[in-house]
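Asker: The file below is final-v2.txt, compact mmCIF, C-alpha atoms:
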# COMPACT_ATOMS: atom_id res chain seq x y z
CA ASP A 19 192.51 -18.84 -34.93
CA ASP A 20 195.45 -16.91 -33.56
CA ALA A 21 195.86 -15.12 -36.86
CA GLU A 22 192.22 -14.19 -36.85
CA ARG A 23 192.41 -12.92 -33.28
CA GLY A 24 195.49 -10.90 -34.21
CA ALA A 25 193.74 -9.39 -37.18
CA SER A 26 190.72 -8.39 -35.14
CA ALA A 27 192.96 -6.86 -32.46
CA ASP A 28 194.64 -4.85 -35.20
CA ARG A 29 191.27 -3.75 -36.48
CA GLU A 30 190.34 -2.61 -32.98
CA VAL A 31 193.54 -0.58 -32.66
CA VAL A 32 192.97 1.04 -36.03
CA GLU A 33 189.35 1.71 -35.16
CA ALA A 34 190.38 3.32 -31.85
CA ARG A 35 192.89 5.53 -33.66
CA ARG A 36 190.32 6.52 -36.23
CA ARG A 37 188.01 7.54 -33.40
CA MET A 38 190.78 9.52 -31.66
CA LEU A 39 191.62 11.34 -34.87
CA GLU A 40 187.95 12.19 -35.50
CA GLU A 41 187.54 13.42 -31.92
CA TRP A 42 190.66 15.55 -32.18
CA LEU A 43 189.64 17.14 -35.47
CA ALA A 44 186.16 17.83 -34.12
CA TRP A 45 187.65 19.45 -31.01
CA ARG A 46 189.98 21.59 -33.13
CA ALA A 47 187.10 22.72 -35.37
CA ASN A 48 185.06 23.66 -32.31
CA VAL A 49 187.90 25.63 -30.70
CA GLU A 50 188.77 27.40 -33.93
CA GLU A 51 185.16 28.44 -34.44
CA GLU A 52 184.90 29.73 -30.87
CA ILE A 53 188.07 31.79 -31.20
CA GLU A 54 187.02 33.15 -34.55
CA GLU A 55 183.87 34.45 -32.85
CA GLU A 56 185.90 35.96 -30.01
CA ARG A 57 188.17 37.70 -32.48
CA LEU A 58 185.18 39.18 -34.27
CA ASP A 59 183.62 40.24 -30.94
CA ARG A 60 186.82 42.08 -30.11
CA GLY A 61 186.94 43.70 -33.52
CA LEU A 62 190.10 41.82 -34.46
CA PRO A 63 190.79 40.65 -37.98
CA ALA A 64 190.22 36.94 -38.63
CA LYS A 65 193.28 34.82 -38.01
CA PRO A 66 195.45 34.81 -41.14
CA GLY A 67 195.76 31.48 -42.94
CA PRO A 68 199.43 30.51 -42.43
CA GLU A 69 199.04 30.79 -38.66
CA ALA A 70 196.22 28.24 -38.58
CA GLU A 71 197.53 25.02 -37.19
CA GLU A 72 195.51 22.43 -39.05
CA VAL A 73 196.46 22.34 -42.69
CA SER A 74 195.10 20.11 -45.38
CA GLY A 75 197.09 17.16 -46.65
CA GLU A 76 198.13 18.96 -49.80
CA GLU A 77 199.40 22.02 -47.96
CA ARG A 78 201.17 19.88 -45.46
CA LYS A 79 202.88 17.97 -48.22
CA GLY A 80 204.00 21.22 -49.82
CA GLU A 81 205.59 22.37 -46.58
CA VAL A 82 207.86 19.39 -46.16
CA ILE A 83 211.30 20.88 -46.25
CA GLU A 84 214.58 19.18 -45.73
CA MET B 5 218.72 13.08 -37.85
CA ARG B 6 221.75 15.31 -38.00
CA PRO B 7 222.62 16.57 -34.50
CA ILE B 8 224.57 19.76 -33.89
CA LEU B 9 226.28 20.04 -30.54
CA LEU B 10 226.48 23.53 -29.08
CA SER B 11 229.17 23.85 -26.46
CA GLY B 12 229.39 27.31 -25.01
CA HIS B 13 227.80 26.99 -21.61
CA GLU B 14 229.83 25.94 -18.61
CA ARG B 15 226.97 24.73 -16.45
CA ALA B 16 223.55 23.10 -16.71
CA LEU B 17 221.09 24.49 -19.21
CA THR B 18 217.82 25.79 -17.74
CA GLN B 19 215.78 26.90 -20.77
CA ILE B 20 216.12 27.17 -24.54
CA LYS B 21 213.84 29.03 -26.92
CA PHE B 22 213.61 29.39 -30.70
CA ASN B 23 212.57 32.73 -32.19
CA PRO B 24 209.36 32.63 -34.31
CA ASP B 25 211.32 32.28 -37.57
CA GLY B 26 213.23 29.33 -36.15
CA ASP B 27 216.59 30.69 -37.32
CA LEU B 28 217.82 31.66 -33.85
CA LEU B 29 218.03 29.65 -30.65
CA PHE B 30 218.42 31.36 -27.27
CA SER B 31 219.82 29.41 -24.34
CA VAL B 32 220.20 30.20 -20.66
CA SER B 33 222.18 28.39 -18.03
CA LYS B 34 223.30 28.37 -14.45
CA ASP B 35 226.58 29.87 -15.76
CA GLN B 36 224.91 33.35 -15.75
CA ASN B 37 225.13 33.79 -19.52
CA ILE B 38 222.52 34.00 -22.24
CA CYS B 39 223.69 32.70 -25.62
CA VAL B 40 222.15 33.07 -29.06
CA TRP B 41 222.96 30.59 -31.84
CA PHE B 42 222.18 30.19 -35.53
CA SER B 43 219.99 27.11 -35.52
CA HIS B 44 221.00 25.89 -38.99
CA ASN B 45 224.71 25.49 -38.21
CA GLY B 46 225.09 25.97 -34.47
CA GLU B 47 227.37 28.98 -34.80
CA ARG B 48 227.24 31.26 -31.77
CA LEU B 49 226.01 34.71 -32.69
CA GLY B 50 226.59 36.28 -29.31
CA THR B 51 226.17 36.33 -25.55
CA TYR B 52 224.20 38.66 -23.32
CA LYS B 53 226.11 39.42 -20.14
CA GLY B 54 224.89 41.17 -17.03
CA HIS B 55 223.07 38.76 -14.73
CA GLN B 56 224.72 38.10 -11.37
CA GLY B 57 223.20 34.67 -10.76
CA ALA B 58 221.96 31.50 -12.43
CA ILE B 59 219.54 32.31 -15.24
CA TRP B 60 216.35 30.26 -15.06
CA THR B 61 214.37 31.45 -18.02
CA VAL B 62 214.39 33.28 -21.34
CA ASP B 63 211.82 34.32 -23.95
CA VAL B 64 211.95 36.17 -27.25
CA ASP B 65 209.22 38.53 -28.48
CA HIS B 66 207.22 37.85 -31.66
CA THR B 67 209.33 40.22 -33.79
CA SER B 68 212.71 38.90 -32.52
CA THR B 69 213.56 42.43 -31.33
CA PHE B 70 213.70 41.74 -27.58
CA ILE B 71 214.53 38.93 -25.26
CA ALA B 72 213.58 38.81 -21.61
CA SER B 73 215.42 36.78 -18.99
CA GLY B 74 214.79 35.89 -15.35
CA SER B 75 217.48 35.04 -12.85
CA ALA B 76 218.44 33.91 -9.36
CA ASP B 77 219.80 37.48 -8.96
CA ASN B 78 216.13 38.48 -8.41
CA THR B 79 215.81 40.41 -11.64
CA ILE B 80 214.10 40.32 -15.00
CA LYS B 81 216.17 41.90 -17.75
CA LEU B 82 215.03 43.10 -21.16
CA TRP B 83 217.66 42.96 -23.93
CA GLU B 84 217.90 44.11 -27.51
CA VAL B 85 218.49 40.97 -29.59
CA LYS B 86 220.60 42.67 -32.28
CA THR B 87 223.02 44.65 -30.11
CA GLY B 88 223.07 42.64 -26.88
CA LYS B 89 222.29 45.81 -24.97
CA CYS B 90 220.43 45.47 -21.66
CA LEU B 91 217.51 47.88 -21.98
CA LYS B 92 215.84 47.44 -18.61
CA THR B 93 216.21 45.66 -15.27
CA TRP B 94 213.24 45.02 -12.98
CA GLU B 95 214.05 43.99 -9.42
CA PHE B 96 212.09 41.58 -7.23
CA PRO B 97 212.43 40.25 -3.69
CA THR B 98 213.15 36.71 -4.91
CA ALA B 99 214.44 34.74 -7.92
CA VAL B 100 212.55 34.81 -11.22
CA LYS B 101 211.84 31.30 -12.49
CA ARG B 102 209.87 31.93 -15.68
CA VAL B 103 209.22 34.77 -18.13
CA GLU B 104 206.95 34.84 -21.18
CA PHE B 105 205.81 37.51 -23.63
CA ASN B 106 202.13 37.57 -24.51
CA GLU B 107 200.87 36.96 -28.05
CA ASP B 108 201.54 40.49 -29.34
CA SER B 109 204.49 41.15 -26.97
CA THR B 110 202.77 44.10 -25.28
CA GLN B 111 203.15 42.45 -21.88
CA LEU B 112 205.61 40.18 -20.14
CA LEU B 113 204.86 37.90 -17.23
CA GLY B 114 207.34 36.82 -14.61
CA VAL B 115 207.02 34.01 -12.04
CA THR B 116 208.77 34.87 -8.78
CA GLU B 117 210.02 32.31 -6.27
CA LYS B 118 208.56 31.72 -2.82
CA ARG B 119 210.90 32.31 0.10
CA MET B 120 210.65 33.02 3.83
CA GLY B 121 208.48 36.12 4.10
CA HIS B 122 207.60 36.16 0.40
CA LEU B 123 204.82 34.26 -1.34
CA GLY B 124 205.33 33.18 -4.92
CA THR B 125 203.81 35.60 -7.43
CA ILE B 126 203.09 36.06 -11.10
CA VAL B 127 203.79 39.65 -12.14
CA VAL B 128 202.79 41.35 -15.38
CA LEU B 129 204.91 44.13 -16.88
CA ASN B 130 203.93 46.40 -19.76
CA ILE B 131 206.38 46.44 -22.65
CA ILE B 132 206.78 49.34 -25.06
CA PRO B 133 207.77 47.84 -28.43
CA ASP B 134 210.55 50.35 -29.07
CA VAL B 135 214.22 49.77 -28.24
CA ASN B 136 214.68 53.48 -27.48
CA ALA B 137 211.70 53.73 -25.13
CA GLU B 138 212.00 54.08 -21.37
CA GLN B 139 210.26 50.96 -20.04
CA SER B 140 208.05 51.44 -16.99
CA ASP B 141 209.07 50.25 -13.52
CA GLU B 142 205.43 49.72 -12.58
CA LYS B 143 203.86 46.29 -12.45
CA GLU B 144 200.58 46.16 -14.28
CA LEU B 145 199.39 43.22 -12.19
CA THR B 146 200.55 40.95 -9.38
CA ILE B 147 198.92 37.58 -8.82
CA VAL B 148 199.80 36.11 -5.43
CA CYS B 149 199.91 32.31 -5.31
CA ASP B 150 198.94 31.65 -1.69
CA GLU B 151 197.92 27.99 -2.15
CA SER B 152 200.90 26.55 -3.99
CA LYS B 153 203.61 28.58 -5.67
CA ALA B 154 203.64 28.79 -9.45
CA THR B 155 206.62 27.11 -11.09
CA VAL B 156 205.74 27.98 -14.70
CA ALA B 157 203.22 30.25 -16.42
CA GLY B 158 202.21 31.53 -19.83
CA TRP B 159 199.67 33.51 -21.87
CA SER B 160 196.77 31.94 -23.74
CA TYR B 161 195.28 32.93 -27.13
CA LEU B 162 194.11 36.56 -27.36
CA ASN B 163 195.97 37.27 -24.08
CA LYS B 164 192.76 36.10 -22.42
CA TYR B 165 194.14 33.87 -19.68
CA ILE B 166 197.32 33.45 -17.75
CA ILE B 167 197.83 29.74 -17.19
CA ALA B 168 200.15 28.59 -14.41
CA GLY B 169 201.55 25.24 -13.34
CA HIS B 170 202.20 24.81 -9.63
CA GLU B 171 204.51 23.05 -7.23
CA ASP B 172 201.62 20.86 -6.02
CA GLY B 173 200.98 19.49 -9.53
CA SER B 174 197.90 21.61 -10.21
CA VAL B 175 197.25 23.99 -13.08
CA SER B 176 195.46 27.36 -12.74
CA GLN B 177 193.61 29.60 -15.11
CA TYR B 178 193.61 33.33 -14.29
CA ASP B 179 191.88 36.22 -15.99
CA ALA B 180 194.86 37.94 -17.62
CA LYS B 181 193.34 41.41 -17.14
CA THR B 182 192.22 41.22 -13.51
CA GLY B 183 194.38 38.40 -12.17
CA GLU B 184 191.32 36.67 -10.73
CA GLN B 185 191.74 32.92 -10.41
CA LEU B 186 189.02 31.35 -12.56
CA ASP B 187 189.95 27.72 -12.14
CA ASN B 188 192.47 25.41 -10.52
CA PHE B 189 192.64 21.75 -11.40
CA PRO B 190 194.84 18.94 -9.96
CA VAL B 191 196.16 17.82 -13.33
CA HIS B 192 199.27 15.99 -12.11
CA GLU B 193 199.82 13.80 -9.07
CA LEU B 194 199.56 15.70 -5.80
CA GLY B 195 202.89 17.19 -4.79
CA MET B 196 204.52 16.40 -8.12
CA GLN B 197 205.72 19.71 -9.47
CA VAL B 198 204.74 21.01 -12.90
CA THR B 199 208.15 21.58 -14.50
CA ASP B 200 207.23 23.03 -17.88
CA LEU B 201 204.35 24.54 -19.81
CA GLN B 202 204.58 25.16 -23.56
CA TRP B 203 201.96 26.28 -26.07
CA SER B 204 200.45 25.09 -29.32
CA PRO B 205 201.14 27.58 -32.14
CA ASP B 206 197.73 29.21 -31.68
CA ARG B 207 197.91 29.14 -27.85
CA THR B 208 194.55 27.36 -27.51
CA TYR B 209 196.13 24.37 -25.79
CA PHE B 210 199.38 23.60 -24.02
CA ILE B 211 201.50 20.76 -22.75
CA THR B 212 202.68 20.37 -19.17
CA ALA B 213 205.57 18.23 -17.95
CA SER B 214 205.74 16.96 -14.39
CA LYS B 215 207.86 15.13 -11.89
CA ASP B 216 205.02 12.56 -11.83
CA LYS B 217 206.54 11.14 -15.06
CA THR B 218 203.71 12.29 -17.29
CA ALA B 219 203.07 15.09 -19.72
CA LYS B 220 199.52 16.30 -20.37
CA LEU B 221 197.90 18.14 -23.23
CA ILE B 222 195.39 20.62 -21.81
CA ALA B 223 192.82 23.02 -23.29
CA ALA B 224 193.36 26.67 -22.28
CA ARG B 225 189.64 27.56 -22.31
CA ASP B 226 188.51 25.07 -19.64
CA LEU B 227 191.65 23.18 -18.50
CA GLU B 228 190.24 19.97 -19.95
CA VAL B 229 192.94 17.30 -20.08
CA LEU B 230 192.93 16.21 -23.72
CA LYS B 231 195.82 13.73 -23.75
CA THR B 232 198.27 12.04 -21.38
CA TYR B 233 201.77 10.89 -22.27
CA PRO B 234 203.24 8.49 -19.70
CA ALA B 235 207.03 8.24 -19.41
CA ASP B 236 209.35 6.14 -17.22
CA THR B 237 211.27 9.03 -15.70
CA PRO B 238 210.48 12.40 -14.07
CA LEU B 239 209.94 15.00 -16.79
CA ASN B 240 211.54 18.43 -16.90
CA SER B 241 210.24 19.71 -20.18
CA ALA B 242 207.71 19.13 -22.96
CA ALA B 243 207.01 20.76 -26.30
CA ILE B 244 204.43 20.50 -29.09
CA THR B 245 205.90 20.11 -32.58
CA PRO B 246 204.36 22.18 -35.38
CA LYS B 247 203.66 20.62 -38.81
CA LYS B 248 203.56 17.11 -37.39
CA ASP B 249 201.20 15.92 -34.66
CA TYR B 250 203.92 14.95 -32.21
CA VAL B 251 204.98 16.02 -28.76
CA LEU B 252 208.50 15.98 -27.42
CA LEU B 253 209.41 15.15 -23.82
CA GLY B 254 212.66 15.51 -21.89
CA GLY B 255 213.66 14.48 -18.41
CA GLY B 256 215.71 11.99 -16.46
CA GLN B 257 216.87 11.74 -12.90
CA ALA B 258 220.19 13.10 -11.72
CA ALA B 259 222.69 10.32 -10.91
CA MET B 260 222.61 11.07 -7.19
CA ASP B 261 218.82 10.52 -7.12
CA VAL B 262 218.75 7.07 -8.65
CA THR B 263 219.78 3.51 -7.91
CA THR B 264 222.72 2.09 -9.84
CA THR B 265 220.49 0.02 -12.14
CA SER B 266 218.48 2.93 -13.41
CA ALA B 267 221.56 5.16 -13.53
CA ARG B 268 223.11 2.65 -15.92
CA GLN B 269 220.05 2.91 -18.10
CA GLY B 270 220.47 6.65 -18.10
CA LYS B 271 217.12 7.49 -19.60
CA PHE B 272 218.65 10.70 -20.88
CA GLU B 273 216.75 10.65 -24.10
CA ALA B 274 214.36 12.97 -25.89
CA ARG B 275 211.10 11.09 -26.45
CA PHE B 276 208.63 11.63 -29.25
CA TYR B 277 204.97 10.71 -28.79
CA HIS B 278 202.13 10.96 -31.23
CA LYS B 279 200.12 13.95 -30.03
CA ILE B 280 196.72 12.48 -30.87
CA PHE B 281 197.27 8.73 -30.38
CA GLU B 282 199.46 9.10 -27.26
CA ASP B 283 201.88 6.37 -28.47
CA GLU B 284 205.59 6.72 -27.97
CA ILE B 285 207.10 6.69 -31.45
CA GLY B 286 210.80 7.30 -30.94
CA ARG B 287 213.71 8.31 -28.74
CA VAL B 288 216.83 10.32 -29.42
CA ARG B 289 219.94 9.77 -27.35
CA GLY B 290 222.87 12.09 -26.87
CA HIS B 291 222.94 13.85 -23.53
CA PHE B 292 225.07 12.67 -20.60
CA GLY B 293 222.63 13.92 -18.00
CA PRO B 294 218.95 14.77 -17.61
CA LEU B 295 217.32 16.90 -20.28
CA ASN B 296 216.32 20.09 -18.50
CA THR B 297 214.67 21.80 -21.43
CA VAL B 298 213.37 20.93 -24.89
CA ALA B 299 212.07 23.24 -27.63
CA ALA B 300 210.38 22.74 -30.98
CA ASP B 301 211.38 24.97 -33.88
CA PRO B 302 208.22 26.97 -34.79
CA THR B 303 208.82 26.23 -38.48
CA GLY B 304 208.79 22.50 -37.75
CA LYS B 305 212.23 21.82 -39.21
CA SER B 306 214.13 21.00 -36.05
CA TYR B 307 214.08 20.60 -32.31
CA ALA B 308 216.62 21.32 -29.60
CA SER B 309 217.38 20.04 -26.13
CA GLY B 310 219.42 21.48 -23.27
CA GLY B 311 220.95 19.22 -20.68
CA GLU B 312 222.22 19.10 -17.16
CA ASP B 313 225.50 18.18 -18.94
CA GLY B 314 225.89 21.80 -20.15
CA TYR B 315 225.26 21.02 -23.82
CA VAL B 316 222.60 22.13 -26.25
CA ARG B 317 221.82 19.76 -29.12
CA ILE B 318 219.94 20.82 -32.24
CA HIS B 319 218.47 18.09 -34.43
CA HIS B 320 217.20 18.79 -37.92
CA PHE B 321 214.49 16.34 -38.91
CA ASP B 322 215.02 14.09 -41.89
CA LYS B 323 212.50 13.12 -44.56
CA GLY B 324 211.32 10.03 -42.70
CA TYR B 325 210.10 12.19 -39.86
CA PHE B 326 207.89 14.22 -42.16
CA ASP B 327 206.71 11.27 -44.22
CA PHE B 328 205.72 9.10 -41.27
CA LEU B 329 201.96 8.75 -41.02
CA TYR B 330 199.68 6.32 -39.25
CA GLU B 331 197.33 4.37 -41.47
CA VAL B 332 194.33 6.39 -40.28
CA GLU B 333 196.16 9.67 -40.93
CA ARG B 334 196.97 8.58 -44.47
CA GLU B 335 193.36 7.55 -44.91
CA ARG B 336 192.25 10.99 -43.76
CA GLN B 337 194.70 12.73 -46.07
CA ASN B 338 193.40 10.75 -49.04
CA GLN B 339 189.84 11.70 -48.13
CA ASN B 340 190.81 15.37 -48.05
CA ARG B 341 192.30 15.09 -51.51
CA LEU B 342 189.07 13.81 -53.05
Output the file's structure as structure tokens, nothing else.
Answerer:
Amino acid sequence: DDAERGASADREVVEARRRMLEEWLAWRANVEEEIEEERLDRGLPAKPGPEAEEVSGEERKGEVIE
Amino acid sequence: MRPILLSGHERALTQIKFNPDGDLLFSVSKDQNICVWFSHNGERLGTYKGHQGAIWTVDVDHTSTFIASGSADNTIKLWEVKTGKCLKTWEFPTAVKRVEFNEDSTQLLGVTEKRMGHLGTIVVLNIIPDVNAEQSDEKELTIVCDESKATVAGWSYLNKYIIAGHEDGSVSQYDAKTGEQLDNFPVHELGMQVTDLQWSPDRTYFITASKDKTAKLIAARDLEVLKTYPADTPLNSAAITPKKDYVLLGGGQAAMDVTTTSARQGKFEARFYHKIFEDEIGRVRGHFGPLNTVAADPTGKSYASGGEDGYVRIHHFDKGYFDFLYEVERERQNQNRL
């Protein structure tokens, strides 16, 4: 019983984190889109790639430097 | 993590700042000196001498050509990084507690102290990006903080807003062109000073540290509080780490302010939290007094802290730091690979 309760608590924690991550990524996408529009409105070039904060897993892996 | 101890200051550190390439670290202290260090080995590259009082703040422009500093001698000074030459001194009626260059380093803001007969202000100076140019004496803009003085301030993305943290724990959003206050929000506990404000790499959100023992992640566009990081000690500084979704907090109470039990505990540690999940994930010990200032290397390779103990410590992250992922982050990464 205890083990089962523990497992379901773990599932809840993981589920909550999954939700937080989704929310964060959605917020980032929204902000980035809004700023892209503002840059265009001001006649500025689109933000160059390396400056963008969110990078894909592969890129992130490549950047790990010791 | 390999720490490098930088001993060159004789009094408490007040602010430290990496340049955008992360190879240089600037530090300012109550000892009236600005130091610059190589971040990879901690060797001191030079000092910038000229202030006549404690130095509260320093910033470096986006090309690492200039630094600006603000001091208890009521001046902001502009220096050439390479030569150590003081290029310009602006005088004010009171101490300067914070300076920051905007995104393209065309303007510099300064936060001036409140004192009998003088309200706290945020001033904006135009900067000519040429070491041989005669910089203007004129202020482009003065924002008067008549409600609660600003303690920290900075520039948002596209130089659109000036964001300030106040003595009363609130955060303001100003139009950076006109100085009009667009919003003011009681983010931290009433009367608990905002002690630091540092940006995400793209300046769309920032982190505040407060004496109320929390740090908050806040959106620049609408001052929405996105995340809260609770600590067990008053915070002096907070930074957002690039490359990894962490935040870094520093604080601690001075010995004279605490009971013997908590003094024994010290609490003079740098704390890492997960930026998105708000969990504390680790602490780094080392200082003998409160951490007054923390900074994240913009390249993500290291962080630094400056203490009331007069030391700066640089820590280069090891592989475990970069490899660490929560289950849901790993899940997400695998999805992205498909």
Asker: Between A:Ala25, A:Ala44, A:Leu58, A:Val32, which is the closest to chain B once you count only C-alpha atoms?
Answerer: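 Of A:Ala25, A:Ala44, A:Leu58, A:Val32, the one nearest chain B, counting only C-alpha atoms, is A:Val32.
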Asker: What does the structure give for the distance between CA of Lys92 (chain B) and CA of Ala16 (chain B), in Å to one decimal?
Answerer: 25.6 Å
Asker: Could the residues of chain B that have an atom at most 7 Å from chain A be listed as a Markdown table, each with its closest atom pair and the distance in Å to one decimal, counting all atoms listed in the file and ordered by chain and ascending residue number?
Answerer:
| residue | atom | partner | partner_atom | distance |
| --- | --- | --- | --- | --- |
| B:Pro205 | CA | A:Glu71 | CA | 6.7 |
| B:Asp206 | CA | A:Glu71 | CA | 6.9 |
| B:Ile280 | CA | A:Leu39 | CA | 6.6 |
| B:Phe281 | CA | A:Arg35 | CA | 6.3 |
| B:Asp322 | CA | A:Glu84 | CA | 6.4 |
| B:Lys323 | CA | A:Glu84 | CA | 6.5 |
| B:Phe326 | CA | A:Val82 | CA | 6.5 |
| B:Val332 | CA | A:Arg36 | CA | 5.7 |
| B:Gln337 | CA | A:Gly75 | CA | 5.1 |
| B:Asn340 | CA | A:Gly75 | CA | 6.7 |
Asker: I need the residues from that last selection saved to file as a PDB file, keeping the file's coordinate frame (with C-alpha atoms), if you can.
Answerer:
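That gives us result00.pdb:
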ATOM      1  CA  PRO B 205     201.140  27.580 -32.140  1.00  0.00           C
ATOM      2  CA  ASP B 206     197.730  29.210 -31.680  1.00  0.00           C
ATOM      3  CA  ILE B 280     196.720  12.480 -30.870  1.00  0.00           C
ATOM      4  CA  PHE B 281     197.270   8.730 -30.380  1.00  0.00           C
ATOM      5  CA  ASP B 322     215.020  14.090 -41.890  1.00  0.00           C
ATOM      6  CA  LYS B 323     212.500  13.120 -44.560  1.00  0.00           C
ATOM      7  CA  PHE B 326     207.890  14.220 -42.160  1.00  0.00           C
ATOM      8  CA  VAL B 332     194.330   6.390 -40.280  1.00  0.00           C
ATOM      9  CA  GLN B 337     194.700  12.730 -46.070  1.00  0.00           C
ATOM     10  CA  ASN B 340     190.810  15.370 -48.050  1.00  0.00           C
TER      11      ASN B 340
END
Asker: What is the distance between CA of Ser241 (chain B) and CA of Phe105 (chain B), in Å to one decimal?
Answerer: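 Going from CA of Ser241 (chain B) over to CA of Phe105 (chain B), I get 18.7 Å.
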Asker: What does the structure give for the distance between CA of Ser43 (chain B) and CA of Ser11 (chain B), in Å to one decimal?
Answerer: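 Distance reported for this atom pair: 13.3 Å.
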Asker: Give the answer as one residue: which of B:Asp65, B:Glu151, B:Asp27, B:Asp283 has the shortest atom-to-atom distance to Phe42 (chain B), using only C-alpha atoms?
Answerer: B:Asp27
Asker: Can you fill out region 43-49 of chain A with all heavy atoms and hand it back as an mmCIF file, keeping the file's coordinate frame?
Answerer:
data_model
loop_
_atom_site.group_PDB
_atom_site.id
_atom_site.type_symbol
_atom_site.label_atom_id
_atom_site.label_comp_id
_atom_site.auth_asym_id
_atom_site.auth_seq_id
_atom_site.Cartn_x
_atom_site.Cartn_y
_atom_site.Cartn_z
ATOM 1 N N LEU A 43 189.972 16.182 -34.416
ATOM 2 C CA LEU A 43 189.640 17.140 -35.470
ATOM 3 C C LEU A 43 188.355 17.891 -35.137
ATOM 4 O O LEU A 43 188.245 19.086 -35.392
ATOM 5 C CB LEU A 43 189.536 16.427 -36.827
ATOM 6 C CG LEU A 43 190.863 15.853 -37.350
ATOM 7 C CD1 LEU A 43 190.633 15.033 -38.613
ATOM 8 C CD2 LEU A 43 191.895 16.950 -37.605
ATOM 9 N N ALA A 44 187.405 17.188 -34.519
ATOM 10 C CA ALA A 44 186.160 17.830 -34.120
ATOM 11 C C ALA A 44 186.436 18.875 -33.031
ATOM 12 O O ALA A 44 185.895 19.989 -33.065
ATOM 13 C CB ALA A 44 185.159 16.792 -33.618
ATOM 14 N N TRP A 45 187.297 18.520 -32.080
ATOM 15 C CA TRP A 45 187.650 19.450 -31.010
ATOM 16 C C TRP A 45 188.336 20.694 -31.586
ATOM 17 O O TRP A 45 188.022 21.831 -31.231
ATOM 18 C CB TRP A 45 188.558 18.756 -29.985
ATOM 19 C CG TRP A 45 188.880 19.649 -28.828
ATOM 20 C CD1 TRP A 45 188.098 19.909 -27.754
ATOM 21 C CD2 TRP A 45 190.085 20.426 -28.661
ATOM 22 N NE1 TRP A 45 188.727 20.799 -26.919
ATOM 23 C CE2 TRP A 45 189.943 21.133 -27.452
ATOM 24 C CE3 TRP A 45 191.250 20.592 -29.415
ATOM 25 C CZ2 TRP A 45 190.931 21.987 -26.971
ATOM 26 C CZ3 TRP A 45 192.233 21.451 -28.948
ATOM 27 C CH2 TRP A 45 192.077 22.137 -27.732
ATOM 28 N N ARG A 46 189.270 20.468 -32.494
ATOM 29 C CA ARG A 46 189.980 21.590 -33.130
ATOM 30 C C ARG A 46 188.999 22.513 -33.858
ATOM 31 O O ARG A 46 189.082 23.728 -33.757
ATOM 32 C CB ARG A 46 191.019 21.077 -34.149
ATOM 33 C CG ARG A 46 192.266 20.491 -33.571
ATOM 34 C CD ARG A 46 193.026 21.468 -32.723
ATOM 35 N NE ARG A 46 193.396 22.692 -33.429
ATOM 36 C CZ ARG A 46 193.764 23.812 -32.817
ATOM 37 N NH1 ARG A 46 193.814 23.878 -31.504
ATOM 38 N NH2 ARG A 46 194.082 24.874 -33.520
ATOM 39 N N ALA A 47 188.069 21.919 -34.600
ATOM 40 C CA ALA A 47 187.100 22.720 -35.370
ATOM 41 C C ALA A 47 186.275 23.572 -34.405
ATOM 42 O O ALA A 47 186.054 24.760 -34.651
ATOM 43 C CB ALA A 47 186.211 21.799 -36.194
ATOM 44 N N ASN A 48 185.871 22.958 -33.299
ATOM 45 C CA ASN A 48 185.060 23.660 -32.310
ATOM 46 C C ASN A 48 185.825 24.833 -31.692
ATOM 47 O O ASN A 48 185.324 25.952 -31.578
ATOM 48 C CB ASN A 48 184.621 22.650 -31.248
ATOM 49 C CG ASN A 48 183.784 23.280 -30.161
ATOM 50 O OD1 ASN A 48 184.318 23.860 -29.228
ATOM 51 N ND2 ASN A 48 182.472 23.201 -30.303
ATOM 52 N N VAL A 49 187.064 24.585 -31.310
ATOM 53 C CA VAL A 49 187.900 25.630 -30.700
ATOM 54 C C VAL A 49 188.157 26.761 -31.691
ATOM 55 O O VAL A 49 188.062 27.944 -31.355
ATOM 56 C CB VAL A 49 189.240 25.034 -30.203
ATOM 57 C CG1 VAL A 49 190.244 26.124 -29.886
ATOM 58 C CG2 VAL A 49 189.009 24.155 -28.992
#
